[in-house]
Amino acid sequence: MANAAEIATAAARADVRNRWWLAAPALAIVLLAAIGPLVVVVLYSFMVKGDYGDVKYWQFSLDGWFSVIFERDVFDDTLKLADAHLTILWRSVKLSVITTLVTLLLGFPVAYFIATCDRRWRDFWLFMITLPFWTNLLIRTFAIQEVFRNEGVLNSALLWLGAIKRPLQIMFTDLGILLGMAYVYLPLMVLPLYASLERFDFRFAEAAADLYASNFKVLRRIIIPMVRPGIIAGSILVFIPSLGAYVTPRLLGGGRSLMLGNLIELQFGQGRNWPLGSALSITLTGGVMLALLVYVRAASKSGSGHHG
Amino acid sequence: MPEEKSAIEICDVTKLFGDAFKALDGVSLSIRKNEFFTLLGPSGCGKTTLLRLIAGFEYPTAGTIQLHGKDIATLPPYQRPINTVFQNYALFPHMTASQNIGFGLEMLGRPKAEIAARVDEMLRLVRMEGLRHRRTTELSGGQQQRVALARALAPTPKVLLLDEPLSALDYKLRKEMQIELKRLQLETGITFIFVTHDQEEALTMSDRIAVLSGGRVLQVGNPREIYDCPGDRFVADFIGEANFLSGEIIVATKDRAQVRLASGADILARLPDTAPQQGKVTIIVRPEHAEVHADGRPSPLSGTLESIVYFGTDTHLHVRLAHGDRFVVRRQNSPLQDAALVAGATVGVAFDLAAAQILRN
């Protein structure tokens with residue numbers, strides 16, 4: 001006859017086993033859907049490119065990674081830096097950083113407004129903020145085109161008002177991409193900022209005003225440090241998709257202003273260079289992780305050490 | 001000069017929230033310099049609204065507020081030399097105790113050395129020297145309370161506002177902080193305006209008390225006046241315990257009246273100027289000012305002793321009067337207690353002229 005201790009141990013063991021079984025479907029999806037494709041991409045980046053796309057399986061090559069930074073001259077086969085890639089990489093980082101800053105500057109007042117307005121109106125405004133998500137991104141981007149293009153709504157209006165003499169060239173420029181991305185990603189900044197501001201106890205703002213802090217000082221010394229988690233979350237949510245953006249730069253930048261996402265797509269499409277595309281993807285992923293690490297470190301450090 | 005004496009002069013202030021809710025209704029108060037002044041009343045009486053008007057978080061719908069003779073009613077809070085200790089303390093969680101205390105002076109643009117010296121002085125004043133580098137979230141309730149006080153006192157305000165600052169503390173700590181607050185007020189010489197719904201707190205700490213109800217000031221006076229000579233039934237009932245008797249004035253002289261009670265007995269009672277000089281009146285008798293005896297001697301009230309409740313320092317005797325009202329008598333306990341009183345006994349209740357007072361209707 002088993003004693004009580006043995007029964008208890010067996011029950012505990014069964015409990016652990018059951019928990020694994022229950023978690024298994026979710027774990028399988030995570031492993032297959034998140035880690036699996038990543039492994040495939042890493043493997044592909046080390047293979048020889050196929051002549052009509054695809055790769056030659058199990059033939060090891062560093063060419064993919066090599067061409068991320070270097071390229072061979074078509075005529076004399078000499079090595080030089082891949083200017084085009086570096087330009088695109090720089091443009092991607094630059095536009096993503098600016099997009100993040102622009103959405104932060106535009107999003108903070110909006111989030112503040114919603115968080116402080118009458119409770120009955122909050123749901124309405126939040127609904128309005130999320131409304132664009134109900135429409136396909138592609139269609140929204142075409143709509144932006146309609147606004148920005150030379151004969152579009154904006155230029156027509158400005159011409160009619162006499163503010164400009166000839167149409168502003170916004171389409172197919174970095175500015176066009178920037179405006180488009182800021183529009184697309186603004187809700188991703190507003191929502192976490194709202195969540196932080198909504199939880200912010202405005203009695204702290206009153207206490208600061210009571211201690212002779214002007215409205216600006218209350219914002220800078222009390223509200224911003226206390227909603228920092230929201231600012232960090234919003235920045236991450238905007239920066240990551242900005243860096244890998246595809247549709248917006250494709251339609252608003254045309255063929256002229258490529259971003260990393262377009263470059264990668266090009267390698268898997270017309271470029272027929274899957275190893276290079278894979279290597280570029282891994283570079284993008286690594287770059288994002290690095291940027292996040294640095295940013296979160298810096299942001300949370302300045303949070304605690306600001307006054308110390 | 002009269003302005004010289006008053007720190008805060010509130011004149012006919014009315015505050016409406018929305019169109020309907022009148023939080024304050026024609027309030028006028030004069031708060032003297034170096035005074036510990038208490039706004040006392042039940043929740044919703046308008047005392048916190050009045051404090052927020054003085055601090056500048058709200059603006060009056062009508063009326064003026066003067067600080068040392070200057071109108072401040074429309075100034076924003078950061079332009080008023082008035083600081084507040086908040087009910088929940090509102091200490092900035094991302095700063096240390098020292099940084100919290102120095103915040104006001106920093107905002108005033110004082111030099112760093114001066115701020116550091118003042119912060120040290122404040123930490124000593126509230127006896128918190130050892131905890132200057134602590135985050136405020138790591139402090140206990142009592143310690144947070146001290147930091148909040150130091151923070152509000154550091155810029156040397158002309159007036160310090162305290163919004164129920166002791167309500168979050170447990171009983172013992174509250175007692176300790178009451179003494180501490182009084183000491184700070186005497187040491188700094190700053191005018192304190194203290195908001196509370198706790199009558200005991202108000203009586204023990206204040207120089208003067210204003211009793212508020214329904215957005216109006218019912219009575220202003222020192223604790224003795226408020227307790228011993230309450231103007232009306234609300235004040236008498238809200239502060240301390242009270243027995244109310246109804247009767248009719250038979251003869252009134254300058255400051256006293258003969259009143260015939262419902263029971264038919266005649267008693268003498270004090271008659272303040274504000275009370276009605278004839279007709280039906282209400283009389284208040286404090287429980288500790290009356291006596292119960294069971295020896296059958298003639299007394300104005302008589303009834304049945306319903307229950308005897310022992311409180312340690314004293315005993316409450318609940319008497320059901322002959323005509324149905326209840327009357328409570330509080331008697332101080334002593335080691336030599338006469339055991340003559342038992343529940344169910346027929347007793348007489350007596351009090352002298354000074355103990356009975358006629359109230360304003």
# chains A, B, ... in the order shown; residues from 1 in each chain; ligands from 1
call {"tool": "interface_residues", "arguments": {"of": "chain B", "to": "chain A", "cutoff": "10 Å", "atoms": "only C-alpha atoms", "output": "ChimeraX atom specification"}}
result
/B:55-57,76-86,88-96,99-109,133,151-152,154-155,157
call {"tool": "write_last_selection", "arguments": {"atoms": "N, CA and C atoms", "output": "short mmCIF file (atom, residue, chain, number, x, y, z; two decimals), in the first residue's frame"}}
result
data_model
loop_
_atom_site.label_atom_id
_atom_site.label_comp_id
_atom_site.auth_asym_id
_atom_site.auth_seq_id
_atom_site.Cartn_x
_atom_site.Cartn_y
_atom_site.Cartn_z
N ALA B 55 -6.09 77.55 -2.35
CA ALA B 55 -4.86 77.06 -2.98
C ALA B 55 -4.77 77.50 -4.44
N GLY B 56 -5.92 77.69 -5.07
CA GLY B 56 -5.92 78.12 -6.47
C GLY B 56 -6.24 77.01 -7.45
N PHE B 57 -6.66 75.84 -6.96
CA PHE B 57 -7.02 74.74 -7.87
C PHE B 57 -8.40 74.95 -8.48
N PRO B 76 -3.14 81.80 -10.59
CA PRO B 76 -2.94 80.35 -10.63
C PRO B 76 -2.18 79.89 -9.38
N PRO B 77 -2.28 78.59 -9.05
CA PRO B 77 -1.69 78.12 -7.78
C PRO B 77 -0.19 78.43 -7.66
N TYR B 78 0.54 78.39 -8.82
CA TYR B 78 2.00 78.56 -8.71
C TYR B 78 2.40 80.01 -8.49
N GLN B 79 1.42 80.92 -8.47
CA GLN B 79 1.77 82.31 -8.16
C GLN B 79 1.30 82.72 -6.77
N ARG B 80 0.81 81.74 -5.99
CA ARG B 80 0.36 82.07 -4.64
C ARG B 80 1.38 81.55 -3.62
N PRO B 81 1.79 82.39 -2.68
CA PRO B 81 2.73 81.92 -1.65
C PRO B 81 2.02 81.09 -0.59
N ILE B 82 1.33 80.08 -1.08
CA ILE B 82 0.52 79.20 -0.23
C ILE B 82 0.87 77.78 -0.63
N ASN B 83 1.12 76.91 0.33
CA ASN B 83 1.42 75.52 0.00
C ASN B 83 0.43 74.59 0.68
N THR B 84 0.33 73.37 0.14
CA THR B 84 -0.70 72.45 0.58
C THR B 84 -0.09 71.10 0.99
N VAL B 85 -0.62 70.55 2.07
CA VAL B 85 -0.34 69.15 2.41
C VAL B 85 -1.59 68.37 2.02
N PHE B 86 -1.43 67.46 1.04
CA PHE B 86 -2.59 66.79 0.48
C PHE B 86 -2.99 65.59 1.31
N ASN B 88 -3.68 62.59 0.35
CA ASN B 88 -2.92 61.38 0.00
C ASN B 88 -1.44 61.71 -0.11
N TYR B 89 -1.03 62.87 0.37
CA TYR B 89 0.35 63.39 0.38
C TYR B 89 0.84 63.81 -1.00
N ALA B 90 0.48 63.05 -2.09
CA ALA B 90 0.90 63.37 -3.45
C ALA B 90 2.40 63.61 -3.54
N LEU B 91 3.18 62.77 -2.85
CA LEU B 91 4.64 62.87 -2.99
C LEU B 91 5.03 62.32 -4.36
N PHE B 92 6.01 62.99 -5.01
CA PHE B 92 6.39 62.56 -6.35
C PHE B 92 7.16 61.24 -6.26
N PRO B 93 6.62 60.18 -6.87
CA PRO B 93 7.21 58.86 -6.67
C PRO B 93 8.55 58.68 -7.38
N HIS B 94 8.87 59.55 -8.34
CA HIS B 94 10.13 59.38 -9.06
C HIS B 94 11.25 60.22 -8.46
N MET B 95 11.01 60.74 -7.25
CA MET B 95 12.05 61.53 -6.61
C MET B 95 12.28 61.02 -5.19
N THR B 96 13.45 61.33 -4.64
CA THR B 96 13.73 60.95 -3.25
C THR B 96 13.04 61.94 -2.31
N GLN B 99 14.58 65.34 -2.71
CA GLN B 99 14.18 66.00 -3.95
C GLN B 99 12.75 66.52 -3.87
N ASN B 100 11.89 65.76 -3.18
CA ASN B 100 10.53 66.23 -2.98
C ASN B 100 10.52 67.52 -2.17
N ILE B 101 11.29 67.53 -1.09
CA ILE B 101 11.29 68.69 -0.20
C ILE B 101 11.87 69.91 -0.90
N GLY B 102 12.89 69.69 -1.75
CA GLY B 102 13.53 70.81 -2.42
C GLY B 102 12.79 71.30 -3.65
N PHE B 103 11.75 70.57 -4.07
CA PHE B 103 11.09 70.87 -5.36
C PHE B 103 10.56 72.30 -5.44
N GLY B 104 9.89 72.74 -4.39
CA GLY B 104 9.30 74.08 -4.40
C GLY B 104 10.35 75.17 -4.56
N LEU B 105 11.44 75.04 -3.79
CA LEU B 105 12.51 76.04 -3.87
C LEU B 105 13.18 76.00 -5.23
N GLU B 106 13.32 74.78 -5.78
CA GLU B 106 13.91 74.63 -7.11
C GLU B 106 13.07 75.36 -8.14
N MET B 107 11.75 75.21 -8.04
CA MET B 107 10.85 75.88 -8.98
C MET B 107 10.89 77.39 -8.81
N LEU B 108 11.21 77.84 -7.60
CA LEU B 108 11.33 79.28 -7.36
C LEU B 108 12.68 79.81 -7.84
N GLY B 109 13.54 78.88 -8.33
CA GLY B 109 14.82 79.30 -8.89
C GLY B 109 15.85 79.69 -7.85
N HIS B 133 17.62 60.05 1.33
CA HIS B 133 17.83 59.49 -0.01
C HIS B 133 16.83 58.40 -0.34
N ARG B 151 7.91 69.26 2.70
CA ARG B 151 7.88 69.77 1.33
C ARG B 151 7.05 71.04 1.25
N ALA B 152 5.93 71.04 1.96
CA ALA B 152 5.04 72.20 1.91
C ALA B 152 5.59 73.37 2.73
N ALA B 154 8.93 73.95 3.23
CA ALA B 154 10.27 74.37 2.77
C ALA B 154 10.28 75.75 2.11
N PRO B 155 9.33 76.07 1.22
CA PRO B 155 9.38 77.40 0.60
C PRO B 155 8.89 78.52 1.52
N PRO B 157 5.85 79.22 3.08
CA PRO B 157 4.63 79.86 2.57
C PRO B 157 4.05 80.82 3.60
#
call {"tool": "select_by_dssp", "arguments": {"residues": "region 17-219 of chain A", "states": "strand (DSSP E or B)", "output": "count of residues only"}}
result
17
call {"tool": "closest_residue", "arguments": {"among": "A:Leu104, A:Leu292, A:Val97, A:Ala12", "to": "Pro187 (chain A)", "atoms": "only C-alpha atoms"}}
result
A:Leu104
call {"tool": "atom_distance", "arguments": {"atom1": "CA of Leu276 (chain A)", "atom2": "CA of Phe60 (chain A)"}}
result
13.3 Å
call {"tool": "select_by_dssp", "arguments": {"residues": "region 43-94 of chain A", "states": "alpha helix (DSSP H)", "output": "number ranges by chain"}}
result
A: 43-45, 63-69, 83-94
call {"tool": "closest_residue", "arguments": {"among": "B:Ala148, B:Thr188, B:Val347, B:Glu201", "to": "Arg174 (chain B)", "atoms": "only C-alpha atoms"}}
result
B:Glu201
call {"tool": "residues_around", "arguments": {"residues": "Ile31 (chain B)", "least_positions_apart": "5", "cutoff": "6 Å", "atoms": "only C-alpha atoms", "output": "PyMOL selection string"}}
result
chain B and resi 6-8
call {"tool": "write_last_selection", "arguments": {"atoms": "all heavy atoms", "output": "mmCIF file, in the first residue's frame"}}
result
data_model
loop_
_atom_site.group_PDB
_atom_site.id
_atom_site.type_symbol
_atom_site.label_atom_id
_atom_site.label_comp_id
_atom_site.auth_asym_id
_atom_site.auth_seq_id
_atom_site.Cartn_x
_atom_site.Cartn_y
_atom_site.Cartn_z
ATOM 1 N N SER B 6 -5.050 90.054 9.466
ATOM 2 C CA SER B 6 -5.603 88.852 8.855
ATOM 3 C C SER B 6 -4.700 88.345 7.738
ATOM 4 O O SER B 6 -4.154 89.114 6.953
ATOM 5 C CB SER B 6 -7.006 89.129 8.332
ATOM 6 O OG SER B 6 -6.946 89.845 7.134
ATOM 7 N N ALA B 7 -4.538 87.021 7.710
ATOM 8 C CA ALA B 7 -3.734 86.392 6.670
ATOM 9 C C ALA B 7 -4.596 86.173 5.439
ATOM 10 O O ALA B 7 -4.221 86.521 4.328
ATOM 11 C CB ALA B 7 -3.170 85.067 7.174
ATOM 12 N N ILE B 8 -5.763 85.591 5.668
ATOM 13 C CA ILE B 8 -6.687 85.291 4.575
ATOM 14 C C ILE B 8 -8.027 85.952 4.884
ATOM 15 O O ILE B 8 -8.547 85.840 5.997
ATOM 16 C CB ILE B 8 -6.906 83.764 4.424
ATOM 17 C CG1 ILE B 8 -5.615 83.060 4.011
ATOM 18 C CG2 ILE B 8 -8.034 83.476 3.456
ATOM 19 C CD1 ILE B 8 -5.350 83.001 2.546
#
call {"tool": "residues_around", "arguments": {"residues": "Cys45 (chain B)", "least_positions_apart": "4", "cutoff": "8 Å", "atoms": "only C-alpha atoms", "output": "list in words"}}
result
Ala23, Gly41, Leu212, Ser213, Gly214, Gly215 and Arg216 of chain B
call {"tool": "atom_distance", "arguments": {"atom1": "CA of Asn262 (chain A)", "atom2": "CA of Thr78 (chain A)"}}
result
26.7 Å
call {"tool": "residues_around", "arguments": {"residues": "region 34-39 of chain A", "least_positions_apart": "5", "cutoff": "12 Å", "atoms": "only C-alpha atoms", "output": "count of residues only"}}
result
13
call {"tool": "residues_around", "arguments": {"residues": "region 228-238 of chain B", "least_positions_apart": "3", "cutoff": "6 Å", "atoms": "only C-alpha atoms", "output": "PyMOL selection string"}}
result
chain B and resi 224-225+242+359-360
call {"tool": "closest_residue", "arguments": {"among": "A:Trp65, A:Tyr194, A:Trp58, A:Phe142", "to": "Trp125 (chain A)", "atoms": "only C-alpha atoms"}}
result
A:Tyr194
call {"tool": "decode", "arguments": {"residues": "region 119-154 of chain B", "atoms": "N, CA, C and O atoms", "output": "tab-separated table (two decimals), in the first residue's frame"}}
result
chain	number	residue	atom	x	y	z
B	119	VAL	N	16.68	72.13	2.76
B	119	VAL	CA	16.20	70.75	2.82
B	119	VAL	C	16.70	70.08	4.09
B	119	VAL	O	15.94	69.41	4.80
B	120	ASP	N	17.98	70.33	4.43
B	120	ASP	CA	18.53	69.78	5.68
B	120	ASP	C	17.75	70.28	6.89
B	120	ASP	O	17.40	69.51	7.78
B	121	GLU	N	17.48	71.58	6.87
B	121	GLU	CA	16.75	72.20	7.97
B	121	GLU	C	15.36	71.56	8.13
B	121	GLU	O	14.92	71.25	9.24
B	122	MET	N	14.71	71.36	6.97
B	122	MET	CA	13.35	70.79	6.99
B	122	MET	C	13.38	69.35	7.49
B	122	MET	O	12.52	68.92	8.25
B	123	LEU	N	14.38	68.58	7.02
B	123	LEU	CA	14.48	67.18	7.45
B	123	LEU	C	14.67	67.11	8.97
B	123	LEU	O	14.12	66.23	9.63
B	124	ARG	N	15.45	68.06	9.48
B	124	ARG	CA	15.64	68.10	10.94
B	124	ARG	C	14.32	68.46	11.63
B	124	ARG	O	13.94	67.85	12.61
B	125	LEU	N	13.63	69.45	11.06
B	125	LEU	CA	12.38	69.93	11.65
B	125	LEU	C	11.36	68.80	11.79
B	125	LEU	O	10.65	68.71	12.79
B	126	VAL	N	11.27	67.96	10.77
B	126	VAL	CA	10.29	66.87	10.83
B	126	VAL	C	10.93	65.55	11.29
B	126	VAL	O	10.32	64.50	11.20
B	127	ARG	N	12.16	65.63	11.74
B	127	ARG	CA	12.88	64.47	12.31
B	127	ARG	C	13.00	63.33	11.33
B	127	ARG	O	12.62	62.20	11.62
B	128	MET	N	13.51	63.63	10.15
B	128	MET	CA	13.64	62.60	9.11
B	128	MET	C	15.05	62.59	8.52
B	128	MET	O	15.24	62.17	7.40
B	129	GLU	N	16.04	63.07	9.27
B	129	GLU	CA	17.40	63.24	8.72
B	129	GLU	C	17.93	61.97	8.07
B	129	GLU	O	18.61	62.03	7.05
B	130	GLY	N	17.61	60.82	8.67
B	130	GLY	CA	18.22	59.58	8.19
B	130	GLY	C	17.66	59.07	6.87
B	130	GLY	O	18.23	58.17	6.27
B	131	LEU	N	16.54	59.62	6.41
B	131	LEU	CA	15.85	59.01	5.28
B	131	LEU	C	15.85	59.88	4.03
B	131	LEU	O	15.03	59.72	3.15
B	132	ARG	N	16.81	60.80	3.93
B	132	ARG	CA	16.76	61.78	2.85
B	132	ARG	C	16.87	61.16	1.47
B	132	ARG	O	16.30	61.67	0.52
B	133	HIS	N	17.62	60.05	1.33
B	133	HIS	CA	17.83	59.49	-0.01
B	133	HIS	C	16.83	58.40	-0.34
B	133	HIS	O	16.92	57.77	-1.39
B	134	ARG	N	15.89	58.17	0.55
B	134	ARG	CA	14.87	57.17	0.27
B	134	ARG	C	13.92	57.66	-0.82
B	134	ARG	O	13.57	58.83	-0.86
B	135	ARG	N	13.49	56.72	-1.65
B	135	ARG	CA	12.37	57.01	-2.54
B	135	ARG	C	11.11	57.14	-1.68
B	135	ARG	O	10.97	56.43	-0.69
B	136	THR	N	10.21	58.01	-2.08
B	136	THR	CA	9.05	58.23	-1.24
B	136	THR	C	8.17	56.98	-1.18
B	136	THR	O	7.42	56.80	-0.23
B	137	THR	N	8.29	56.12	-2.21
B	137	THR	CA	7.48	54.91	-2.21
B	137	THR	C	7.97	53.89	-1.18
B	137	THR	O	7.30	52.93	-0.89
B	138	GLU	N	9.21	54.13	-0.66
B	138	GLU	CA	9.76	53.19	0.32
B	138	GLU	C	9.50	53.66	1.75
B	138	GLU	O	10.01	53.07	2.69
B	139	LEU	N	8.74	54.75	1.91
B	139	LEU	CA	8.51	55.28	3.25
B	139	LEU	C	7.17	54.80	3.80
B	139	LEU	O	6.24	54.52	3.04
B	140	SER	N	7.09	54.73	5.13
B	140	SER	CA	5.83	54.35	5.76
B	140	SER	C	4.86	55.54	5.72
B	140	SER	O	5.26	56.65	5.38
B	141	GLY	N	3.62	55.29	6.08
B	141	GLY	CA	2.61	56.34	6.03
B	141	GLY	C	2.99	57.56	6.86
B	141	GLY	O	2.89	58.70	6.42
B	142	GLY	N	3.48	57.31	8.08
B	142	GLY	CA	3.86	58.41	8.94
B	142	GLY	C	5.04	59.19	8.39
B	142	GLY	O	5.09	60.42	8.47
B	143	GLN	N	6.00	58.44	7.80
B	143	GLN	CA	7.17	59.10	7.22
B	143	GLN	C	6.79	59.93	6.00
B	143	GLN	O	7.27	61.04	5.80
B	144	GLN	N	5.88	59.37	5.18
B	144	GLN	CA	5.40	60.12	4.01
B	144	GLN	C	4.74	61.41	4.45
B	144	GLN	O	4.92	62.47	3.86
B	145	GLN	N	3.97	61.31	5.54
B	145	GLN	CA	3.29	62.47	6.09
B	145	GLN	C	4.29	63.56	6.47
B	145	GLN	O	4.11	64.74	6.19
B	146	ARG	N	5.41	63.15	7.09
B	146	ARG	CA	6.43	64.11	7.50
B	146	ARG	C	7.10	64.74	6.30
B	146	ARG	O	7.36	65.95	6.28
B	147	VAL	N	7.38	63.94	5.28
B	147	VAL	CA	8.01	64.48	4.07
B	147	VAL	C	7.05	65.47	3.40
B	147	VAL	O	7.46	66.55	2.95
B	148	ALA	N	5.76	65.12	3.36
B	148	ALA	CA	4.77	66.02	2.75
B	148	ALA	C	4.73	67.35	3.50
B	148	ALA	O	4.65	68.42	2.89
B	149	LEU	N	4.82	67.29	4.82
B	149	LEU	CA	4.83	68.52	5.62
B	149	LEU	C	6.08	69.33	5.33
B	149	LEU	O	6.01	70.54	5.12
B	150	ALA	N	7.23	68.65	5.31
B	150	ALA	CA	8.50	69.34	5.06
B	150	ALA	C	8.49	69.98	3.68
B	150	ALA	O	8.93	71.10	3.49
B	151	ARG	N	7.91	69.26	2.70
B	151	ARG	CA	7.88	69.77	1.33
B	151	ARG	C	7.05	71.04	1.25
B	151	ARG	O	7.42	72.00	0.57
B	152	ALA	N	5.93	71.04	1.96
B	152	ALA	CA	5.04	72.20	1.91
B	152	ALA	C	5.59	73.37	2.73
B	152	ALA	O	5.31	74.53	2.43
B	153	LEU	N	6.39	73.08	3.76
B	153	LEU	CA	6.92	74.15	4.61
B	153	LEU	C	8.22	74.73	4.06
B	153	LEU	O	8.56	75.87	4.35
B	154	ALA	N	8.93	73.95	3.23
B	154	ALA	CA	10.27	74.37	2.77
B	154	ALA	C	10.28	75.75	2.11
B	154	ALA	O	11.16	76.55	2.39
